[in-house]
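Structure first, then comments.
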Amino acid sequence: MQNTKSFSSIANRFGVFLMIAILLVVGTFASKNFWTPSNFLNILSAVAILGIVAAGMSFVIYCGKYGDMSVPMTMAISGVIAVELMRYGLVPAFAGALCTGLIIGVINGIVIGKLKVNAIIWTLALNFIIEGLVRWSYGGSQLYPDMATADTYKTGFLLRLMPKLDPHVMDIDLTARAADFNSLAQTYFWGGIPLMLIVMVCVMVAGWFVLSRSTYGAKLKIVGSNYNVGSMSGIRATSVVMGAFMISSLCAALAGVFITSMNKVGAYYVGSGYDFQAVTAIILGGMSLAGGRGNHLGVFGGVFTMGLISNILTLFGIGTFTQKMITGAIFIVVVAVNASSLRKLGRDDA
């Protein structure tokens, strides 16, 4: 019995890293180029946007709210806002996108934290509302940063809300500024390390510090473990929950700017699927849906695991649709093993 508990404890704490070790061995047989630095850089670059989203959403899961399903449209509308504001420069575009994410996070925090609405249902509903708003505003069309003139934007979302913009701005040739925006996802440092990857690492490190070293992280752990106990102990649980959703939305907005730059288009669909991918990575990393357990080292491991799986399957010549089925099957197995390990450790709430 003691040996079983010891194994379960190891599987629960280091399961994702054991899986990474197995995948690294399998990758050796996939291609002779698997262990090259360029291949690992490609793996990390491919999951950089997912890593930014997962780092933020992990706060929501850590506080016991299961997930933020408004992430896809937070990414989409933040990217659209960034494209709209590029006429003023790159800094205003970034600021506008992050403010958009912040507003969505505040709305989620108030409704879920204060009104106690189910997090999954509310964020999913808000996702549909934002999608309808974006599609209505642009008639379902896409918004390209490299449009030659600002005249194309006259029916855009921001101009519907703020019709009295500086008229001189409308005469600016957007070509140069659009090129700056589109180059964000293609910016590299130190011999080929993408800016997106650097940002992901910074966000992960900041998330780890907040959860493990800050007072807010301690409060989040208590609220995530037991909301009522947190409230009765004097913690302002509503504010803690609101903070988690604000962080999630800010990270989604940041990721939205990068993915819009990478695709060179602002549209309602650019963030599609990132909500479930992020949850998958977070659970693979050992963070419990019940809240109060896990860390960003594990989240990074989960993100890296998803990148490894995709890379290895591609090297084996397996198609996209088959990859999705295999990835789903692996996820089911890992979650089942994780849940079984937690039960053997006496944690039936996971």
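Labels for the structure tokens follow display order: chains A, B, ..., residues from 1 in each chain, ligands from 1.
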
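Neighbouring residues of segment 316-333 of chain A at 10 Å or closer, counting only C-alpha atoms and skipping chain neighbours under 2 positions away, are A:Gly27, A:Phe29, A:Ala30, A:Ser31, A:Thr280, A:Ala281, A:Ile283, A:Leu284, A:Met306, A:Ile309, A:Ser310, A:Asn311, A:Ile312, A:Leu313, A:Thr314, A:Val335, A:Ala336, A:Val337, A:Asn338, A:Ala339.
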
Could the residues in this selection be saved with N, CA, C and O atoms as a short mmCIF file (atom, residue, chain, number, x, y, z; two decimals), in the first residue's frame?
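Produced file part35.cif, reproduced below:
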```cif
data_model
loop_
_atom_site.label_atom_id
_atom_site.label_comp_id
_atom_site.auth_asym_id
_atom_site.auth_seq_id
_atom_site.Cartn_x
_atom_site.Cartn_y
_atom_site.Cartn_z
N GLY A 27 11.06 10.14 -29.97
CA GLY A 27 11.49 11.07 -31.00
C GLY A 27 12.80 10.68 -31.65
O GLY A 27 13.05 11.01 -32.82
N PHE A 29 13.61 7.83 -32.67
CA PHE A 29 13.32 6.93 -33.78
C PHE A 29 12.52 7.60 -34.89
O PHE A 29 12.34 7.01 -35.96
N ALA A 30 12.03 8.81 -34.61
CA ALA A 30 11.20 9.50 -35.61
C ALA A 30 12.04 10.10 -36.72
O ALA A 30 11.66 10.06 -37.89
N SER A 31 13.19 10.67 -36.36
CA SER A 31 14.04 11.31 -37.35
C SER A 31 15.43 11.53 -36.77
O SER A 31 15.58 11.76 -35.57
N THR A 280 -5.95 21.61 -21.81
CA THR A 280 -5.24 20.34 -21.99
C THR A 280 -3.82 20.44 -21.48
O THR A 280 -3.34 19.58 -20.73
N ALA A 281 -3.11 21.50 -21.88
CA ALA A 281 -1.72 21.67 -21.46
C ALA A 281 -1.62 21.82 -19.95
O ALA A 281 -0.71 21.26 -19.31
N ILE A 283 -3.71 20.71 -17.60
CA ILE A 283 -3.99 19.44 -16.92
C ILE A 283 -2.84 18.46 -17.12
O ILE A 283 -2.46 17.73 -16.20
N LEU A 284 -2.28 18.43 -18.33
CA LEU A 284 -1.10 17.59 -18.57
C LEU A 284 0.03 17.97 -17.63
O LEU A 284 0.81 17.13 -17.18
N MET A 306 2.77 18.99 -25.45
CA MET A 306 1.90 19.08 -26.62
C MET A 306 2.71 19.40 -27.88
O MET A 306 2.43 18.87 -28.97
N ILE A 309 4.56 16.13 -28.90
CA ILE A 309 3.66 15.15 -29.53
C ILE A 309 3.41 15.53 -30.99
O ILE A 309 3.50 14.70 -31.90
N SER A 310 3.08 16.79 -31.22
CA SER A 310 2.81 17.26 -32.58
C SER A 310 4.04 17.11 -33.47
O SER A 310 3.95 16.67 -34.62
N ASN A 311 5.21 17.45 -32.93
CA ASN A 311 6.44 17.38 -33.70
C ASN A 311 6.79 15.94 -34.08
O ASN A 311 7.13 15.65 -35.23
N ILE A 312 6.68 15.04 -33.11
CA ILE A 312 7.03 13.63 -33.35
C ILE A 312 6.07 13.00 -34.36
O ILE A 312 6.49 12.29 -35.28
N LEU A 313 4.77 13.29 -34.21
CA LEU A 313 3.80 12.73 -35.15
C LEU A 313 4.03 13.26 -36.56
O LEU A 313 3.86 12.53 -37.54
N THR A 314 4.41 14.53 -36.66
CA THR A 314 4.72 15.10 -37.97
C THR A 314 5.95 14.44 -38.58
O THR A 314 5.97 14.12 -39.78
N VAL A 335 -5.01 12.01 -18.10
CA VAL A 335 -5.96 12.50 -17.10
C VAL A 335 -6.46 11.36 -16.23
O VAL A 335 -6.62 11.50 -15.01
N ALA A 336 -6.71 10.19 -16.85
CA ALA A 336 -7.18 9.03 -16.09
C ALA A 336 -6.12 8.58 -15.08
O ALA A 336 -6.43 8.29 -13.92
N VAL A 337 -4.86 8.53 -15.51
CA VAL A 337 -3.77 8.14 -14.62
C VAL A 337 -3.62 9.16 -13.49
O VAL A 337 -3.44 8.81 -12.32
N ASN A 338 -3.72 10.45 -13.85
CA ASN A 338 -3.60 11.51 -12.85
C ASN A 338 -4.72 11.44 -11.82
O ASN A 338 -4.49 11.54 -10.61
N ALA A 339 -5.95 11.23 -12.29
CA ALA A 339 -7.10 11.13 -11.38
C ALA A 339 -6.98 9.92 -10.46
O ALA A 339 -7.26 9.99 -9.27
#
```

Applying 12 Å and only C-alpha atoms, which residues near Val117 of chain A remain after dropping the ones on its own chain fewer than 5 positions away? List them as a ChimeraX atom specification.
/A:65,107-112,122-125,238

Looking at only C-alpha atoms, which of A:Val279, A:Ile61, A:Leu90, A:Ala218 is the one that sits closest to Val257 of chain A?
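Selected residue with least distance to Val257 of chain A: A:Leu90.
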
Show which residues sit within 8 Å of Thr100 of chain A, as a tab-separated table (two decimals) with N, CA, C and O atoms, in the first residue's frame. Count only C-alpha atoms, and ignore same-chain residues fewer than 5 positions away.
```tsv
chain	number	residue	atom	x	y	z
A	74	THR	N	-11.37	36.71	-26.89
A	74	THR	CA	-10.50	37.74	-26.31
A	74	THR	C	-9.27	37.92	-27.19
A	74	THR	O	-8.84	39.05	-27.46
A	77	ILE	N	-10.68	39.66	-30.67
A	77	ILE	CA	-11.04	41.08	-30.62
A	77	ILE	C	-9.83	41.94	-30.24
A	77	ILE	O	-9.70	43.08	-30.71
A	78	SER	N	-8.92	41.40	-29.43
A	78	SER	CA	-7.71	42.16	-29.10
A	78	SER	C	-6.84	42.35	-30.33
A	78	SER	O	-6.26	43.43	-30.54
A	81	ILE	N	-8.58	45.02	-32.49
A	81	ILE	CA	-8.36	46.36	-31.91
A	81	ILE	C	-6.94	46.83	-32.19
A	81	ILE	O	-6.69	48.00	-32.51
A	253	ALA	N	-5.07	38.46	-24.54
A	253	ALA	CA	-4.95	39.63	-25.41
A	253	ALA	C	-3.55	39.74	-26.00
A	253	ALA	O	-3.37	40.04	-27.19
```

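Using only C-alpha atoms, the residues found no farther than 7 Å from segment 201-209 of chain A, other than those of its own chain fewer than 4 positions away, are Ile52, Ala55, Leu197, Arg213, Ser214, Asn295 and His296 of chain A.
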
Polymer residues at most 9 Å from segment 275-277 of chain A, only C-alpha atoms, same-chain spacing of 6 or more positions, as a PyMOL selection string:
chain A and resi 50+53-54+57+67-72+303+306

Based on the selection just made, write all heavy atoms of those residues as a tab-separated table (two decimals), in the first residue's frame.
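Everything below was put into out17.tsv:
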```tsv
chain	number	residue	atom	x	y	z
A	50	LEU	N	0.41	29.34	-27.44
A	50	LEU	CA	-0.32	28.49	-26.50
A	50	LEU	C	0.24	28.65	-25.09
A	50	LEU	O	-0.52	28.69	-24.12
A	50	LEU	CB	-0.21	27.02	-26.94
A	50	LEU	CG	-0.80	25.98	-25.98
A	50	LEU	CD1	-2.29	26.22	-25.76
A	50	LEU	CD2	-0.54	24.57	-26.50
A	53	VAL	N	-1.10	31.83	-23.47
A	53	VAL	CA	-2.51	31.65	-23.08
A	53	VAL	C	-2.61	30.75	-21.85
A	53	VAL	O	-3.34	31.06	-20.90
A	53	VAL	CB	-3.32	31.05	-24.24
A	53	VAL	CG1	-4.75	30.72	-23.80
A	53	VAL	CG2	-3.36	32.02	-25.42
A	54	ALA	N	-1.88	29.63	-21.85
A	54	ALA	CA	-1.94	28.67	-20.74
A	54	ALA	C	-1.41	29.28	-19.45
A	54	ALA	O	-1.95	29.01	-18.37
A	54	ALA	CB	-1.16	27.41	-21.09
A	57	MET	N	-4.37	31.37	-18.20
A	57	MET	CA	-5.54	30.60	-17.80
A	57	MET	C	-5.27	29.73	-16.58
A	57	MET	O	-6.20	29.38	-15.84
A	57	MET	CB	-6.05	29.73	-18.96
A	57	MET	CG	-7.45	29.17	-18.69
A	57	MET	SD	-8.02	27.93	-19.86
A	57	MET	CE	-8.24	28.91	-21.33
A	67	GLY	N	-11.81	27.01	-15.92
A	67	GLY	CA	-11.30	27.45	-17.21
A	67	GLY	C	-11.95	28.75	-17.65
A	67	GLY	O	-12.96	29.19	-17.10
A	68	ASP	N	-11.35	29.37	-18.66
A	68	ASP	CA	-11.85	30.61	-19.23
A	68	ASP	C	-12.14	30.37	-20.70
A	68	ASP	O	-11.25	30.39	-21.54
A	68	ASP	CB	-10.80	31.72	-19.05
A	68	ASP	CG	-11.27	33.06	-19.59
A	68	ASP	OD1	-12.38	33.12	-20.14
A	68	ASP	OD2	-10.52	34.04	-19.46
A	69	MET	N	-13.42	30.12	-21.02
A	69	MET	CA	-13.81	29.81	-22.39
A	69	MET	C	-13.98	31.05	-23.26
A	69	MET	O	-14.30	30.94	-24.45
A	69	MET	CB	-15.12	29.01	-22.39
A	69	MET	CG	-15.04	27.67	-21.66
A	69	MET	SD	-13.87	26.52	-22.41
A	69	MET	CE	-12.51	26.59	-21.25
A	70	SER	N	-13.75	32.23	-22.71
A	70	SER	CA	-13.82	33.46	-23.51
A	70	SER	C	-12.47	33.78	-24.14
A	70	SER	O	-12.33	34.79	-24.85
A	70	SER	CB	-14.28	34.64	-22.65
A	70	SER	OG	-13.34	34.94	-21.63
A	71	VAL	N	-11.47	32.95	-23.90
A	71	VAL	CA	-10.12	33.18	-24.43
A	71	VAL	C	-10.08	33.33	-25.95
A	71	VAL	O	-9.43	34.25	-26.46
A	71	VAL	CB	-9.17	32.05	-23.96
A	71	VAL	CG1	-7.97	31.90	-24.89
A	71	VAL	CG2	-8.70	32.34	-22.54
A	72	PRO	N	-10.75	32.45	-26.74
A	72	PRO	CA	-10.64	32.59	-28.20
A	72	PRO	C	-11.07	33.96	-28.71
A	72	PRO	O	-10.36	34.58	-29.52
A	72	PRO	CB	-11.58	31.49	-28.72
A	72	PRO	CG	-11.58	30.46	-27.65
A	72	PRO	CD	-11.52	31.24	-26.38
A	303	VAL	N	2.72	22.34	-21.90
A	303	VAL	CA	2.80	23.01	-23.20
A	303	VAL	C	3.87	22.37	-24.07
A	303	VAL	O	3.66	22.09	-25.26
A	303	VAL	CB	3.09	24.52	-23.01
A	303	VAL	CG1	3.40	25.19	-24.35
A	303	VAL	CG2	1.90	25.21	-22.34
A	306	MET	N	2.77	18.99	-25.45
A	306	MET	CA	1.90	19.08	-26.62
A	306	MET	C	2.71	19.40	-27.88
A	306	MET	O	2.43	18.87	-28.97
A	306	MET	CB	0.83	20.15	-26.38
A	306	MET	CG	-0.16	19.76	-25.29
A	306	MET	SD	-1.54	20.89	-25.15
A	306	MET	CE	-2.41	20.58	-26.69
```

Which neighbours of Ile193 of chain A fall inside 12 Å, counting only C-alpha atoms, when residues of the same chain fewer than 2 positions from it are skipped, and could you give them as a list in words?
Pro37, Ser38, Phe40, Leu41, Asn42, Ile43, Leu44, Ser45, Ala46, Ala48, Ala185, Gln186, Thr187, Tyr188, Phe189, Trp190, Gly191, Leu195, Met196, Leu197, Ile198, Val199, Met200 and Val201 of chain A

Report the distance between atom CA of Leu289 of chain A and atom CA of Gly79 of chain A in Å, rounded to one decimal place.
28.8 Å

Using only C-alpha atoms, which of the listed residues (A:Cys99, A:Cys63, A:Gly15, A:Phe34) sits closest to Gly217 of chain A?
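Of all the options, A:Cys63 lies closest to Gly217 of chain A.
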
What does the distance between atom CA of Ser183 of chain A and atom CA of Tyr268 of chain A come to in Å, to one decimal place?
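For atom CA of Ser183 of chain A relative to atom CA of Tyr268 of chain A, the distance reads 20.9 Å.
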
Which of segment 25-65 of chain A fall in helix (DSSP H, G or I), as number ranges by chain
A: 25-30, 37-46, 48-62

Among segment 47-225 of chain A, which ones does DSSP place in strand (DSSP E or B), written as number ranges by chain?
A: 143, 149, 173, 188-189, 193-194

What does the distance from atom CA of Gly224 of chain A to atom CA of Gly286 of chain A come to in Å, to one decimal?
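Going from atom CA of Gly224 of chain A over to atom CA of Gly286 of chain A covers 15.0 Å.
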